[in-house]
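Some notes on the structure that comes next.
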Amino acid sequence: MGRTARPVAGSRRRGKGAPVRTSGAPAGEAAADRDSERDPLLARRHRIDAIDRQLVGLLNERATHAIALGGLKKERGLPIYQPSREEEVLQNVQEFNRGPLEGPALRRLFERIIDESRRIERIATTRASEAAVEERPGSGSDPAKD
């Protein structure tokens, strides 16, 4: 009697041929490119993945600038939270918007980005202040070093 092939995890059979992968990453980048060329759904997903990677890079670049901005605000005695500047940023992105995202949706996204930027500004400036206190003679936690 012949042996029956066991199905591959994450696959389904198409007729009597080899299993067709239904989830998980393709075996290689060339296979992914071929799959994308044949399947518009996969092509769109791959393009969205590439855009997401770009967004992560841009968000991290923005965060780096927000941290630096927090330090400048502290040096100048300015508060981290500046509602008028945040409203200006929100107005700018809405004016730049050409769709298909609607204005209110874009506003919500940027409100969240601004919230996170403000949060990391606070964390960075607090850490910088704590580090400055620790560096001053007589203020460290180790009396032997003071």
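In the structure tokens, chains take letters A, B, ... by order of appearance, with residues numbered from 1 within each chain and ligands from 1 in the order shown.
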Subject >> stretch 26-113 of chain A: residues DSSP assigns to alpha helix (DSSP H), reported as a ChimeraX atom specification >> reply: /A:29-38,40-75,83-96,103-113
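Taking only C-alpha atoms, the non-local environment of A:Asn92 within 12 Å (same-chain residues fewer than 3 positions away omitted) comprises A:Arg85, A:Glu86, A:Glu87, A:Glu88, A:Val89, A:Glu95, A:Phe96, A:Asn97, A:Gly103, A:Leu106, A:Arg107, A:Phe110.
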**OP:** Might you pull out every residue within 9 Å of stretch 126-130 of chain A, with only C-alpha atoms counted and same-chain residues fewer than 5 positions away left off, and present them as a list in words?
**Re:** Gly71, Glu121 and Glu135 of chain A
**OP:** For atom CA of A:Glu61 and atom CA of A:Ser117, quote the distance in Å rounded to one decimal.
**Re:** 11.0 Å
